[in-house]
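Structure, as structure tokens:
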Amino acid sequence: MALGLPTWERKARIILCVLGFVLSIYALHVELSRESNPDYRAMCDLGQYVSCSKVFTSRWGRGFGLVQIFVGQESPLNQPNSVLGIVFYTLQLGLGLSFSQRAAVFLVLASWVSVAGSLYLASILVFVLGDFCMVCVSTYAINFALLFTNLKRRRALNEMKEKAE
Ligand SMILES: C/C(=C\C[C@@]12O[C@]1(C)C(=O)c1ccccc1C2=O)CCC[C@H](C)CCC[C@H](C)CCCC(C)C
């Protein structure tokens, strides 16, 4: 079954998804800790302009700062970005282990959305918050690498299908 799929693809996916998942959990932990205690200092708070908790608790840290325009800040729909990240990496890992062609197409699409989201969040980071958030930048790198992995995978699955016909 796995014939034709590059062997590194599965390994790369597992590593990237686990990393992204752990970083998202950590971001969620920092955000919730900081919200309940303003004096909380996270490991990734290294200075005034290198502060992750400042970024996570900003208005862009929930629903990309966009959801609250439509539903209000306190709405249950306005979840932290990291919750979306947890869902995203879980899907990427779960569906990525199946050999379904349709799943592969969905993974590529979701990956493009995450890269667009990363570019958006990166520009907020640089131009609005003026902060360097290492956890954020790491997740952008993971999202780019995951897109590359997903594109490779879709191509390989397509070639397998053509050979079978
Ligand atoms: C920890 C993480 C992102 C980091 C961060 O978001 C954080 C936490 C944040 O508070 C923040 C504030 C201000 C500027 C930048 C930032 C961020 O950088 C994970 C998201 C990863 C990725 C950007 C998720 C993309 C999900 C897609 C929308 C998927 C859609 C597909 C669906 C079918 C599930």
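As shown in the structure tokens, the chain order sets the letters A, B, ...; within each chain, residues go from 1, and ligands are also counted from 1 in the order they appear.
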
Give me the segment 97-165 of chain A side of the contact with segment 74-87 of chain A, cut-off 12 Å, one line per residue showing its nearest atom pair and distance in Å at one decimal, counting only C-alpha atoms, sorted by chain and residue number, as a tab-separated table.
```
residue	atom	partner	partner_atom	distance
A:Ala110	CA	A:Val87	CA	11.3
A:Ser111	CA	A:Gly85	CA	11.5
A:Val113	CA	A:Gly85	CA	11.9
A:Ser114	CA	A:Gly85	CA	9.0
A:Gly117	CA	A:Asn81	CA	10.1
A:Ser118	CA	A:Gly85	CA	11.0
A:Leu121	CA	A:Asn81	CA	10.0
A:Val135	CA	A:Ser82	CA	10.8
A:Cys136	CA	A:Ser82	CA	10.0
A:Thr139	CA	A:Gly85	CA	9.0
A:Tyr140	CA	A:Gly85	CA	11.1
A:Ile142	CA	A:Gly85	CA	11.2
A:Asn143	CA	A:Gly85	CA	10.1
```

Test item: residues at most 10 Å from Gly94 of chain A, only C-alpha atoms, excluding those fewer than 3 positions along its chain, as a VMD selection string: chain A and resid 14 17 88 to 91 97 to 98 103

Output N, CA, C and O atoms for every residue in the selection just made, as a tab-separated table (two decimals), in the first residue's frame.
```
chain	number	residue	atom	x	y	z
A	14	ILE	N	4.82	13.13	11.11
A	14	ILE	CA	4.66	12.85	12.54
A	14	ILE	C	5.44	13.87	13.36
A	14	ILE	O	4.91	14.48	14.30
A	17	CYS	N	3.78	17.45	13.04
A	17	CYS	CA	2.49	17.55	13.71
A	17	CYS	C	2.65	17.51	15.22
A	17	CYS	O	1.98	18.25	15.94
A	88	PHE	N	-5.99	21.65	14.03
A	88	PHE	CA	-5.31	21.58	12.74
A	88	PHE	C	-4.25	20.47	12.70
A	88	PHE	O	-4.24	19.63	11.81
A	89	TYR	N	-3.37	20.45	13.71
A	89	TYR	CA	-2.28	19.45	13.70
A	89	TYR	C	-2.81	18.05	13.94
A	89	TYR	O	-2.25	17.08	13.41
A	90	THR	N	-3.90	17.93	14.73
A	90	THR	CA	-4.50	16.62	14.94
A	90	THR	C	-5.06	16.08	13.63
A	90	THR	O	-4.84	14.92	13.26
A	91	LEU	N	-5.76	16.96	12.88
A	91	LEU	CA	-6.29	16.57	11.57
A	91	LEU	C	-5.17	16.18	10.61
A	91	LEU	O	-5.25	15.19	9.90
A	97	LEU	N	-2.28	9.90	7.81
A	97	LEU	CA	-1.87	8.50	7.87
A	97	LEU	C	-2.78	7.62	7.02
A	97	LEU	O	-2.51	6.45	6.82
A	98	SER	N	-3.87	8.18	6.50
A	98	SER	CA	-4.74	7.40	5.61
A	98	SER	C	-4.24	7.54	4.17
A	98	SER	O	-3.49	8.46	3.85
A	103	ALA	N	-8.65	12.76	1.15
A	103	ALA	CA	-8.01	13.31	2.35
A	103	ALA	C	-6.76	14.11	1.96
A	103	ALA	O	-6.51	15.18	2.50
```

What's the separation between atom CA of Cys44 of chain A and atom CA of Asp131 of chain A, in Å to one decimal place? 12.0 Å

Would you give me, as a PDB file with C-alpha atoms, in the first residue's frame, the residues in segment 50-162 of chain A that DSSP reads as helix (DSSP H, G or I)?
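As a result, states-v6.pdb now contains:
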```pdb
ATOM      1  CA  CYS A  52       5.053  35.559  23.813  1.00  0.00           C
ATOM      2  CA  SER A  53       2.423  36.022  26.528  1.00  0.00           C
ATOM      3  CA  LYS A  54       1.894  39.641  25.395  1.00  0.00           C
ATOM      4  CA  VAL A  55       1.197  38.314  21.899  1.00  0.00           C
ATOM      5  CA  PHE A  56      -1.051  35.428  22.989  1.00  0.00           C
ATOM      6  CA  ARG A  59      -6.805  40.736  20.599  1.00  0.00           C
ATOM      7  CA  TRP A  60      -5.188  38.852  17.676  1.00  0.00           C
ATOM      8  CA  GLY A  61      -4.528  35.869  19.920  1.00  0.00           C
ATOM      9  CA  GLY A  63     -10.011  33.985  16.512  1.00  0.00           C
ATOM     10  CA  PHE A  64      -7.161  35.688  14.609  1.00  0.00           C
ATOM     11  CA  GLY A  65      -8.587  39.004  15.859  1.00  0.00           C
ATOM     12  CA  VAL A  67     -13.921  36.439  14.748  1.00  0.00           C
ATOM     13  CA  GLN A  68     -14.721  39.100  17.364  1.00  0.00           C
ATOM     14  CA  ILE A  69     -15.700  41.525  14.628  1.00  0.00           C
ATOM     15  CA  PHE A  70     -18.660  39.251  13.875  1.00  0.00           C
ATOM     16  CA  VAL A  71     -19.637  37.576  17.155  1.00  0.00           C
ATOM     17  CA  ASN A  81      -5.671  30.597  17.910  1.00  0.00           C
ATOM     18  CA  SER A  82      -3.829  27.820  19.673  1.00  0.00           C
ATOM     19  CA  VAL A  83      -7.070  25.807  19.961  1.00  0.00           C
ATOM     20  CA  LEU A  84      -7.383  26.021  16.185  1.00  0.00           C
ATOM     21  CA  GLY A  85      -3.757  24.941  15.960  1.00  0.00           C
ATOM     22  CA  ILE A  86      -4.478  21.866  18.111  1.00  0.00           C
ATOM     23  CA  VAL A  87      -7.401  20.885  15.840  1.00  0.00           C
ATOM     24  CA  PHE A  88      -5.310  21.580  12.735  1.00  0.00           C
ATOM     25  CA  TYR A  89      -2.278  19.455  13.701  1.00  0.00           C
ATOM     26  CA  THR A  90      -4.505  16.624  14.942  1.00  0.00           C
ATOM     27  CA  LEU A  91      -6.295  16.567  11.573  1.00  0.00           C
ATOM     28  CA  GLN A  92      -2.998  16.747   9.674  1.00  0.00           C
ATOM     29  CA  LEU A  93      -1.665  13.754  11.567  1.00  0.00           C
ATOM     30  CA  GLY A  94      -4.868  11.698  11.595  1.00  0.00           C
ATOM     31  CA  LEU A  95      -5.842  12.166   7.958  1.00  0.00           C
ATOM     32  CA  GLY A  96      -2.212  12.123   6.857  1.00  0.00           C
ATOM     33  CA  GLN A 101      -6.925  10.637  -2.250  1.00  0.00           C
ATOM     34  CA  ARG A 102      -9.694  12.910  -1.046  1.00  0.00           C
ATOM     35  CA  ALA A 103      -8.010  13.310   2.347  1.00  0.00           C
ATOM     36  CA  ALA A 104      -4.783  14.265   0.555  1.00  0.00           C
ATOM     37  CA  VAL A 105      -6.577  17.020  -1.377  1.00  0.00           C
ATOM     38  CA  PHE A 106      -8.200  18.305   1.819  1.00  0.00           C
ATOM     39  CA  LEU A 107      -4.853  18.314   3.623  1.00  0.00           C
ATOM     40  CA  VAL A 108      -3.259  20.411   0.878  1.00  0.00           C
ATOM     41  CA  LEU A 109      -6.140  22.914   0.995  1.00  0.00           C
ATOM     42  CA  ALA A 110      -6.071  23.158   4.809  1.00  0.00           C
ATOM     43  CA  SER A 111      -2.310  23.584   4.593  1.00  0.00           C
ATOM     44  CA  TRP A 112      -2.619  26.524   2.171  1.00  0.00           C
ATOM     45  CA  VAL A 113      -5.091  28.129   4.577  1.00  0.00           C
ATOM     46  CA  SER A 114      -2.633  27.659   7.454  1.00  0.00           C
ATOM     47  CA  VAL A 115       0.187  29.233   5.415  1.00  0.00           C
ATOM     48  CA  ALA A 116      -2.064  32.204   4.612  1.00  0.00           C
ATOM     49  CA  GLY A 117      -2.918  32.380   8.330  1.00  0.00           C
ATOM     50  CA  SER A 118       0.774  32.277   9.185  1.00  0.00           C
ATOM     51  CA  LEU A 119       1.591  35.149   6.822  1.00  0.00           C
ATOM     52  CA  TYR A 120      -1.269  37.158   8.319  1.00  0.00           C
ATOM     53  CA  LEU A 121      -0.188  36.490  11.916  1.00  0.00           C
ATOM     54  CA  ALA A 122       3.455  37.186  11.033  1.00  0.00           C
ATOM     55  CA  SER A 123       2.543  40.589   9.629  1.00  0.00           C
ATOM     56  CA  ILE A 124       0.495  41.383  12.772  1.00  0.00           C
ATOM     57  CA  LEU A 125       3.519  40.367  14.816  1.00  0.00           C
ATOM     58  CA  VAL A 126       5.906  42.621  12.895  1.00  0.00           C
ATOM     59  CA  PHE A 127       3.791  45.622  11.935  1.00  0.00           C
ATOM     60  CA  VAL A 128       1.221  45.874  14.747  1.00  0.00           C
ATOM     61  CA  LEU A 129       2.702  44.318  17.880  1.00  0.00           C
ATOM     62  CA  MET A 134       9.605  32.494  19.060  1.00  0.00           C
ATOM     63  CA  VAL A 135       6.716  30.079  19.535  1.00  0.00           C
ATOM     64  CA  CYS A 136       4.800  31.889  16.764  1.00  0.00           C
ATOM     65  CA  VAL A 137       7.714  31.930  14.308  1.00  0.00           C
ATOM     66  CA  SER A 138       8.319  28.220  14.945  1.00  0.00           C
ATOM     67  CA  THR A 139       4.710  27.395  14.095  1.00  0.00           C
ATOM     68  CA  TYR A 140       5.013  29.364  10.820  1.00  0.00           C
ATOM     69  CA  ALA A 141       8.046  27.288   9.857  1.00  0.00           C
ATOM     70  CA  ILE A 142       6.143  24.100  10.743  1.00  0.00           C
ATOM     71  CA  ASN A 143       3.173  25.180   8.617  1.00  0.00           C
ATOM     72  CA  PHE A 144       5.420  25.850   5.586  1.00  0.00           C
ATOM     73  CA  ALA A 145       7.153  22.500   5.975  1.00  0.00           C
ATOM     74  CA  LEU A 146       3.790  20.769   6.360  1.00  0.00           C
ATOM     75  CA  LEU A 147       2.499  22.330   3.133  1.00  0.00           C
ATOM     76  CA  PHE A 148       5.587  21.049   1.320  1.00  0.00           C
ATOM     77  CA  THR A 149       5.010  17.572   2.795  1.00  0.00           C
ATOM     78  CA  ASN A 150       1.341  17.610   1.803  1.00  0.00           C
ATOM     79  CA  LEU A 151       2.124  18.669  -1.777  1.00  0.00           C
ATOM     80  CA  LYS A 152       4.683  15.863  -2.120  1.00  0.00           C
ATOM     81  CA  ARG A 153       2.170  13.396  -0.770  1.00  0.00           C
ATOM     82  CA  ARG A 154      -0.649  14.412  -3.076  1.00  0.00           C
ATOM     83  CA  ARG A 155       1.665  14.164  -6.073  1.00  0.00           C
ATOM     84  CA  ALA A 156       2.888  10.714  -5.032  1.00  0.00           C
ATOM     85  CA  LEU A 157      -0.674   9.450  -4.498  1.00  0.00           C
ATOM     86  CA  ASN A 158      -1.679  10.803  -7.910  1.00  0.00           C
ATOM     87  CA  GLU A 159       1.188   9.002  -9.606  1.00  0.00           C
ATOM     88  CA  MET A 160       0.287   5.763  -7.833  1.00  0.00           C
ATOM     89  CA  LYS A 161      -3.272   6.084  -9.066  1.00  0.00           C
ATOM     90  CA  GLU A 162      -2.180   6.736 -12.658  1.00  0.00           C
TER      91      GLU A 162
END
```

Do you know which residues are at most 7 Å from Phe132 of chain A counting only C-alpha atoms, after dropping those on the same chain fewer than 6 positions away, and could you put them as a VMD selection string? chain A and resid 49 to 51

Let's have the selection written as a short mmCIF file (atom, residue, chain, number, x, y, z; two decimals), in the first residue's frame, with N, CA and C atoms.
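Here's the written file part.cif:
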```cif
data_model
loop_
_atom_site.label_atom_id
_atom_site.label_comp_id
_atom_site.auth_asym_id
_atom_site.auth_seq_id
_atom_site.Cartn_x
_atom_site.Cartn_y
_atom_site.Cartn_z
N TYR A 49 10.35 43.24 24.19
CA TYR A 49 9.96 43.06 22.80
C TYR A 49 10.08 41.61 22.35
N VAL A 50 10.44 40.75 23.28
CA VAL A 50 10.46 39.32 23.00
C VAL A 50 9.56 38.67 24.04
N SER A 51 8.25 38.89 23.86
CA SER A 51 7.32 38.39 24.85
C SER A 51 6.19 37.64 24.17
#
```

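Note that the spacing between atom CA of Arg62 of chain A and atom CA of Gly130 of chain A amounts to 17.9 Å.
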